[in-house]
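**Student:** Compact mmCIF, C-alpha atoms and all ligand atoms, file run_26.txt:
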# COMPACT_ATOMS: atom_id res chain seq x y z
CA MET A 1 0.00 0.00 0.00
CA THR A 2 1.76 3.24 -1.10
CA SER A 3 -1.17 5.69 -0.97
CA ALA A 4 -1.57 8.63 1.39
CA LEU A 5 -4.18 6.50 3.16
CA GLY A 6 -1.65 3.68 3.53
CA ASP A 7 0.90 6.09 5.00
CA GLY A 8 -1.73 7.44 7.37
CA LEU A 9 -2.46 3.91 8.58
CA ARG A 10 1.25 3.13 9.01
CA LEU A 11 1.81 6.24 11.11
CA LEU A 12 -1.33 5.49 13.12
CA ARG A 13 -0.07 1.97 13.81
CA ALA A 14 3.33 3.33 14.91
CA PHE A 15 1.53 5.89 17.11
CA ALA A 16 -0.61 3.16 18.73
CA THR A 17 2.58 1.24 19.59
CA ASN A 18 4.56 4.20 20.88
CA PRO A 19 2.49 7.41 21.14
CA ARG A 20 5.09 9.67 22.78
CA GLN A 21 7.81 8.68 20.32
CA VAL A 22 5.64 9.25 17.24
CA GLY A 23 3.72 12.24 18.57
CA ALA A 24 1.29 12.54 15.63
CA VAL A 25 -1.56 10.51 14.21
CA LEU A 26 -1.48 12.09 10.75
CA PRO A 27 1.45 12.49 8.33
CA THR A 28 2.70 16.05 7.84
CA SER A 29 1.15 17.72 4.78
CA ARG A 30 3.31 18.29 1.69
CA THR A 31 2.35 21.96 1.78
CA ALA A 32 3.72 22.33 5.32
CA VAL A 33 6.89 20.45 4.38
CA ARG A 34 7.44 22.68 1.35
CA ALA A 35 6.90 25.84 3.42
CA MET A 36 9.47 24.58 5.93
CA LEU A 37 12.09 23.64 3.32
CA ASP A 38 11.65 27.06 1.66
CA LEU A 39 13.28 28.51 4.82
CA ALA A 40 16.73 27.06 3.95
CA ASP A 41 18.92 26.78 0.88
CA VAL A 42 18.46 23.05 0.31
CA PRO A 43 19.52 23.08 -3.39
CA SER A 44 23.02 24.36 -2.46
CA ALA A 45 23.50 21.91 0.42
CA ARG A 46 26.21 19.28 0.26
CA LEU A 47 24.92 17.23 3.20
CA VAL A 48 21.38 17.31 4.60
CA VAL A 49 20.23 15.35 7.65
CA GLU A 50 16.61 14.52 8.43
CA LEU A 51 15.61 13.41 11.94
CA GLY A 52 12.42 11.37 12.45
CA ALA A 53 11.74 10.77 8.75
CA GLY A 54 8.54 8.79 9.45
CA THR A 55 6.67 7.93 6.27
CA GLY A 56 9.04 10.05 4.19
CA VAL A 57 6.97 13.07 3.26
CA ALA A 58 9.91 15.44 3.84
CA THR A 59 12.46 12.89 2.59
CA ARG A 60 10.80 12.87 -0.83
CA GLU A 61 10.67 16.64 -1.05
CA LEU A 62 14.31 16.93 0.07
CA LEU A 63 15.42 14.51 -2.67
CA ALA A 64 13.47 16.57 -5.21
CA ARG A 65 15.34 19.73 -4.13
CA LEU A 66 18.85 18.34 -3.56
CA GLY A 67 21.61 18.64 -6.13
CA PRO A 68 22.90 15.53 -7.96
CA ASP A 69 26.07 15.24 -5.83
CA ALA A 70 24.50 16.04 -2.48
CA ARG A 71 23.70 13.49 0.24
CA LEU A 72 20.74 13.00 2.54
CA VAL A 73 21.05 11.04 5.78
CA ALA A 74 17.56 10.20 7.14
CA VAL A 75 17.47 8.97 10.75
CA GLU A 76 14.39 7.05 11.91
CA ILE A 77 14.11 5.11 15.17
CA ASP A 78 11.13 2.93 14.18
CA PRO A 79 12.53 -0.06 12.22
CA GLN A 80 9.31 -0.61 10.25
CA LEU A 81 9.11 3.00 9.10
CA ALA A 82 12.84 2.96 8.29
CA ARG A 83 12.41 -0.19 6.19
CA LEU A 84 9.54 1.43 4.32
CA LEU A 85 11.76 4.43 3.51
CA THR A 86 14.58 2.21 2.30
CA GLU A 87 12.32 0.10 0.09
CA ARG A 88 10.36 2.97 -1.31
CA LEU A 89 12.91 5.72 -1.89
CA ARG A 90 15.68 4.12 -3.86
CA ASP A 91 18.06 6.98 -4.53
CA PRO A 92 21.88 6.79 -4.38
CA ARG A 93 21.96 10.12 -2.53
CA LEU A 94 19.85 8.75 0.35
CA GLN A 95 21.18 6.84 3.38
CA VAL A 96 18.53 5.66 5.83
CA VAL A 97 19.86 5.12 9.36
CA VAL A 98 17.78 3.01 11.75
CA GLY A 99 18.58 4.49 15.12
CA SER A 100 18.09 7.39 17.47
CA ALA A 101 18.80 10.99 16.59
CA GLU A 102 20.37 11.13 20.07
CA ASP A 103 23.37 9.36 18.54
CA LEU A 104 23.60 11.70 15.56
CA GLY A 105 27.31 12.40 16.06
CA ASP A 106 28.05 8.68 15.63
CA HIS A 107 25.69 8.38 12.64
CA LEU A 108 27.49 11.25 10.89
CA ASP A 109 30.94 10.05 11.85
CA GLY A 110 32.15 13.58 12.57
CA GLU A 111 30.68 15.16 9.41
CA ARG A 112 28.53 18.29 9.69
CA ALA A 113 25.42 19.10 7.71
CA ASP A 114 24.48 22.27 5.85
CA VAL A 115 20.82 21.70 6.68
CA VAL A 116 19.27 19.60 9.47
CA VAL A 117 15.53 18.98 9.18
CA SER A 118 13.77 17.83 12.36
CA MET A 119 10.42 16.07 12.17
CA LEU A 120 10.86 14.90 15.80
CA PRO A 121 7.88 15.29 18.18
CA PHE A 122 9.79 17.33 20.78
CA THR A 123 6.77 18.36 22.85
CA SER A 124 5.54 14.81 23.47
CA LEU A 125 8.99 13.51 24.52
CA GLU A 126 10.24 13.33 28.10
CA ALA A 127 12.10 16.54 29.03
CA GLY A 128 15.57 14.97 29.42
CA LEU A 129 15.38 13.20 26.05
CA ARG A 130 13.98 16.35 24.41
CA GLY A 131 16.96 18.35 25.69
CA ARG A 132 19.49 15.79 24.47
CA LEU A 133 17.85 15.67 21.03
CA LEU A 134 17.71 19.47 20.76
CA ASP A 135 21.41 19.62 21.69
CA GLN A 136 22.16 17.56 18.58
CA LEU A 137 20.85 20.26 16.23
CA PRO A 138 23.60 22.91 16.60
CA ARG A 139 26.28 20.21 17.02
CA ALA A 140 25.43 18.59 13.69
CA LEU A 141 25.50 21.84 11.69
CA THR A 142 28.26 23.65 9.83
CA PRO A 143 28.77 27.21 11.20
CA ALA A 144 26.67 28.65 8.34
CA GLY A 145 24.10 25.85 8.45
CA THR A 146 20.37 25.99 9.15
CA ALA A 147 18.25 23.73 11.35
CA LEU A 148 14.61 23.48 10.30
CA VAL A 149 12.12 22.31 12.91
CA ILE A 150 8.40 21.58 12.54
CA GLN A 151 6.17 21.43 15.61
CA TYR A 152 2.47 21.58 16.42
CA SER A 153 2.93 24.07 19.23
CA PRO A 154 5.21 27.04 20.11
CA LEU A 155 6.43 25.34 23.30
CA VAL A 156 9.89 24.51 21.95
CA LEU A 157 10.70 28.10 20.93
CA GLY A 158 12.50 29.01 24.17
CA GLU A 159 14.65 25.87 23.96
CA LEU A 160 15.59 26.70 20.36
CA ARG A 161 16.48 30.30 21.31
CA ARG A 162 18.83 29.01 23.99
CA ARG A 163 20.71 26.96 21.40
CA PHE A 164 20.77 29.29 18.38
CA ALA A 165 21.59 32.96 17.76
CA GLY A 166 18.67 33.38 15.35
CA VAL A 167 15.27 31.67 15.16
CA ARG A 168 12.79 32.64 12.43
CA ILE A 169 9.19 31.49 12.88
CA ARG A 170 6.41 30.81 10.36
CA VAL A 171 3.01 29.30 10.95
CA THR A 172 1.25 27.32 8.24
CA PRO A 173 -2.47 26.60 8.47
CA TRP A 174 -2.10 23.99 5.70
CA ASN A 175 -1.58 21.09 8.05
CA VAL A 176 -3.72 19.21 10.59
CA PRO A 177 -3.09 20.64 13.15
CA PRO A 178 -1.58 23.98 11.97
CA ALA A 179 2.21 23.78 12.16
CA PHE A 180 4.91 26.05 13.57
CA LEU A 181 8.02 26.16 11.37
CA TYR A 182 11.36 27.27 12.81
CA ALA A 183 14.55 28.13 10.93
CA CYS A 184 17.49 28.26 13.35
CA THR A 185 20.95 29.65 12.58
CA GLY A 186 24.17 30.55 14.34
CA PRO A 187 25.52 29.14 17.59
CA GLY A 188 23.66 30.26 20.71
CA GLY A 189 25.20 31.93 23.75
C1 LIG A 201 5.66 13.26 14.04
S1 LIG A 201 6.42 11.79 13.39
C2 LIG A 201 7.00 12.41 11.85
C3 LIG A 201 6.18 11.86 10.83
C4 LIG A 201 6.47 12.42 9.47
N1 LIG A 201 6.31 13.85 9.53
C5 LIG A 201 5.47 11.88 8.53
O1 LIG A 201 4.59 12.63 8.13
O2 LIG A 201 5.53 10.70 8.24
C6 LIG A 201 7.91 11.70 14.32
C7 LIG A 201 8.87 10.65 13.83
O3 LIG A 201 10.04 10.74 14.62
C8 LIG A 201 10.49 9.43 14.91
N2 LIG A 201 11.33 9.51 16.10
C9 LIG A 201 10.95 9.74 17.39
N3 LIG A 201 12.01 9.78 18.21
C10 LIG A 201 13.11 9.57 17.44
C11 LIG A 201 14.51 9.52 17.70
N4 LIG A 201 15.00 9.67 18.94
N5 LIG A 201 15.35 9.32 16.66
C12 LIG A 201 14.88 9.17 15.40
N6 LIG A 201 13.56 9.20 15.09
C13 LIG A 201 12.68 9.40 16.09
C14 LIG A 201 9.21 8.64 15.10
O4 LIG A 201 9.41 7.25 14.97
C15 LIG A 201 8.34 9.23 13.98
O5 LIG A 201 8.50 8.54 12.77
Before we go any further, please render this structure as structure tokens.
**Tutor:**
Amino acid sequence: MTSALGDGLRLLRAFATNPRQVGAVLPTSRTAVRAMLDLADVPSARLVVELGAGTGVATRELLARLGPDARLVAVEIDPQLARLLTERLRDPRLQVVVGSAEDLGDHLDGERADVVVSMLPFTSLEAGLRGRLLDQLPRALTPAGTALVIQYSPLVLGELRRRFAGVRIRVTPWNVPPAFLYACTGPGG
């Protein structure tokens, strides 16, 4: 099943198994993903990292925008969703990592990304884990890089401001629920 309905059911199943880890019962809309990716220069990126790739709605759009020699590392903790991504999106630029974004430094083997895209459900995660995952964002970026974060509430804004010098915010109504989009740049104080 490769339809939007099939993806909805897969995410729902993952949510039923582990609600706090998945944090959403519906896939993110393509319109919201496009609005988020418009906030960074994805076509010029050499290395892009996606955290919590889920059913791959952002992964697909990233591959459509990336240059021919660029790379995309997509990290997904749920083995079934990761397998779906691997089987479905066969592209030599894509590497799917089954594991936690908490271990991003190991997954990247010391490399730094020009753009990090987070689909992680920060607000539903336990506070300690949320902090450790948020810490990965500035660490994984080049000094001129951008971290893009999508959330369904503004609660994470303060935590992003503590970690980055600049945080731009957009809200898109074209998602259920409406989504907050953050573009974060520069090391924080
Ligand atoms: C809100 S869902 C994103 C779904 C995606 N936007 C979509 O539409 O399919 C969050 C995703 O983050 C993944 N996730 C949660 N914690 C993670 C972690 N520590 N490392 C990697 N992925 C994680 C979940 O398994 C889930 O696929």
**Student:** Find the residues near ligand LIG 201 (chain A). Use a cut-off of 9 Å, count only C-alpha atoms and all ligand atoms, and write them as number ranges by chain.
**Tutor:** A: 7-8, 10-11, 14-15, 18, 20-30, 33, 50-58, 74-79, 81-82, 97-104, 118-122, 125, 129-130, 133, 150-151
**Student:** Output as JSON the centre and edge lengths (Å, one decimal) of the box along x, y and z of the file that holds every listed atom of stretch 52-61 of chain A after adding 4 Å on each side.
**Tutor:**
{"center_x": 9.6, "center_y": 12.3, "center_z": 5.7, "size_x": 13.8, "size_y": 16.7, "size_z": 21.5}
**Student:** What's the 8 Å shell around A:Val149, counting all atoms listed in the file, without same-chain residues fewer than 3 positions away, as a PyMOL selection string?
**Tutor:** chain A and resi 36+117-119+181-183
**Student:** Can you measure atom CA of A:Gln80 to atom CA of A:Ala45 for me? One decimal in Å is fine.
**Tutor:** 28.4 Å
**Student:** By how many Å are atom CA of A:Asp106 and atom CA of A:Ile169 apart?
**Tutor:**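 Between atom CA of A:Asp106 and atom CA of A:Ile169 the gap is 29.7 Å.
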**Student:** Please complete stretch 67-88 of chain A so it has N, CA, C and O atoms, and hand it over as an mmCIF file, in the coordinates of the input.
**Tutor:**
data_model
loop_
_atom_site.group_PDB
_atom_site.id
_atom_site.type_symbol
_atom_site.label_atom_id
_atom_site.label_comp_id
_atom_site.auth_asym_id
_atom_site.auth_seq_id
_atom_site.Cartn_x
_atom_site.Cartn_y
_atom_site.Cartn_z
ATOM 1 N N GLY A 67 20.790 18.747 -4.929
ATOM 2 C CA GLY A 67 21.610 18.640 -6.130
ATOM 3 C C GLY A 67 22.052 17.198 -6.375
ATOM 4 O O GLY A 67 21.964 16.350 -5.485
ATOM 5 N N PRO A 68 22.567 16.909 -7.595
ATOM 6 C CA PRO A 68 22.900 15.530 -7.960
ATOM 7 C C PRO A 68 24.043 14.935 -7.127
ATOM 8 O O PRO A 68 24.097 13.721 -6.962
ATOM 9 N N ASP A 69 24.941 15.778 -6.593
ATOM 10 C CA ASP A 69 26.070 15.240 -5.830
ATOM 11 C C ASP A 69 25.889 15.365 -4.318
ATOM 12 O O ASP A 69 26.809 15.050 -3.560
ATOM 13 N N ALA A 70 24.741 15.851 -3.915
ATOM 14 C CA ALA A 70 24.500 16.040 -2.480
ATOM 15 C C ALA A 70 24.104 14.712 -1.841
ATOM 16 O O ALA A 70 23.833 13.731 -2.539
ATOM 17 N N ARG A 71 24.103 14.696 -0.497
ATOM 18 C CA ARG A 71 23.700 13.490 0.240
ATOM 19 C C ARG A 71 22.642 13.830 1.275
ATOM 20 O O ARG A 71 22.653 14.936 1.836
ATOM 21 N N LEU A 72 21.772 12.863 1.514
ATOM 22 C CA LEU A 72 20.740 13.000 2.540
ATOM 23 C C LEU A 72 20.823 11.809 3.477
ATOM 24 O O LEU A 72 20.724 10.661 3.039
ATOM 25 N N VAL A 73 21.048 12.084 4.750
ATOM 26 C CA VAL A 73 21.050 11.040 5.780
ATOM 27 C C VAL A 73 19.729 11.178 6.546
ATOM 28 O O VAL A 73 19.482 12.222 7.169
ATOM 29 N N ALA A 74 18.869 10.165 6.469
ATOM 30 C CA ALA A 74 17.560 10.200 7.140
ATOM 31 C C ALA A 74 17.598 9.242 8.318
ATOM 32 O O ALA A 74 17.811 8.045 8.145
ATOM 33 N N VAL A 75 17.404 9.780 9.529
ATOM 34 C CA VAL A 75 17.470 8.970 10.750
ATOM 35 C C VAL A 75 16.048 8.694 11.237
ATOM 36 O O VAL A 75 15.251 9.635 11.415
ATOM 37 N N GLU A 76 15.725 7.424 11.439
ATOM 38 C CA GLU A 76 14.390 7.050 11.910
ATOM 39 C C GLU A 76 14.534 5.910 12.921
ATOM 40 O O GLU A 76 15.156 4.900 12.626
ATOM 41 N N ILE A 77 13.925 6.080 14.088
ATOM 42 C CA ILE A 77 14.110 5.110 15.170
ATOM 43 C C ILE A 77 13.207 3.887 15.027
ATOM 44 O O ILE A 77 13.518 2.816 15.541
ATOM 45 N N ASP A 78 12.082 4.037 14.329
ATOM 46 C CA ASP A 78 11.130 2.930 14.180
ATOM 47 C C ASP A 78 11.580 2.045 13.007
ATOM 48 O O ASP A 78 11.588 2.487 11.855
ATOM 49 N N PRO A 79 11.959 0.776 13.286
ATOM 50 C CA PRO A 79 12.530 -0.060 12.220
ATOM 51 C C PRO A 79 11.569 -0.295 11.051
ATOM 52 O O PRO A 79 11.999 -0.372 9.904
ATOM 53 N N GLN A 80 10.264 -0.378 11.348
ATOM 54 C CA GLN A 80 9.310 -0.610 10.250
ATOM 55 C C GLN A 80 9.197 0.595 9.336
ATOM 56 O O GLN A 80 9.165 0.467 8.106
ATOM 57 N N LEU A 81 9.165 1.784 9.934
ATOM 58 C CA LEU A 81 9.110 3.000 9.100
ATOM 59 C C LEU A 81 10.425 3.160 8.332
ATOM 60 O O LEU A 81 10.429 3.543 7.154
ATOM 61 N N ALA A 82 11.538 2.838 8.972
ATOM 62 C CA ALA A 82 12.840 2.960 8.290
ATOM 63 C C ALA A 82 12.911 1.996 7.100
ATOM 64 O O ALA A 82 13.420 2.352 6.029
ATOM 65 N N ARG A 83 12.379 0.776 7.299
ATOM 66 C CA ARG A 83 12.410 -0.190 6.190
ATOM 67 C C ARG A 83 11.540 0.305 5.029
ATOM 68 O O ARG A 83 11.910 0.188 3.861
ATOM 69 N N LEU A 84 10.413 0.878 5.359
ATOM 70 C CA LEU A 84 9.540 1.430 4.320
ATOM 71 C C LEU A 84 10.279 2.493 3.499
ATOM 72 O O LEU A 84 10.229 2.505 2.267
ATOM 73 N N LEU A 85 11.000 3.372 4.212
ATOM 74 C CA LEU A 85 11.760 4.430 3.510
ATOM 75 C C LEU A 85 12.790 3.819 2.577
ATOM 76 O O LEU A 85 12.938 4.239 1.420
ATOM 77 N N THR A 86 13.509 2.822 3.087
ATOM 78 C CA THR A 86 14.580 2.210 2.300
ATOM 79 C C THR A 86 14.024 1.531 1.049
ATOM 80 O O THR A 86 14.588 1.660 -0.046
ATOM 81 N N GLU A 87 12.888 0.833 1.222
ATOM 82 C CA GLU A 87 12.320 0.100 0.090
ATOM 83 C C GLU A 87 11.713 1.038 -0.940
ATOM 84 O O GLU A 87 11.763 0.799 -2.142
ATOM 85 N N ARG A 88 11.141 2.118 -0.437
ATOM 86 C CA ARG A 88 10.360 2.970 -1.310
ATOM 87 C C ARG A 88 11.188 4.023 -2.046
ATOM 88 O O ARG A 88 10.946 4.332 -3.197
#
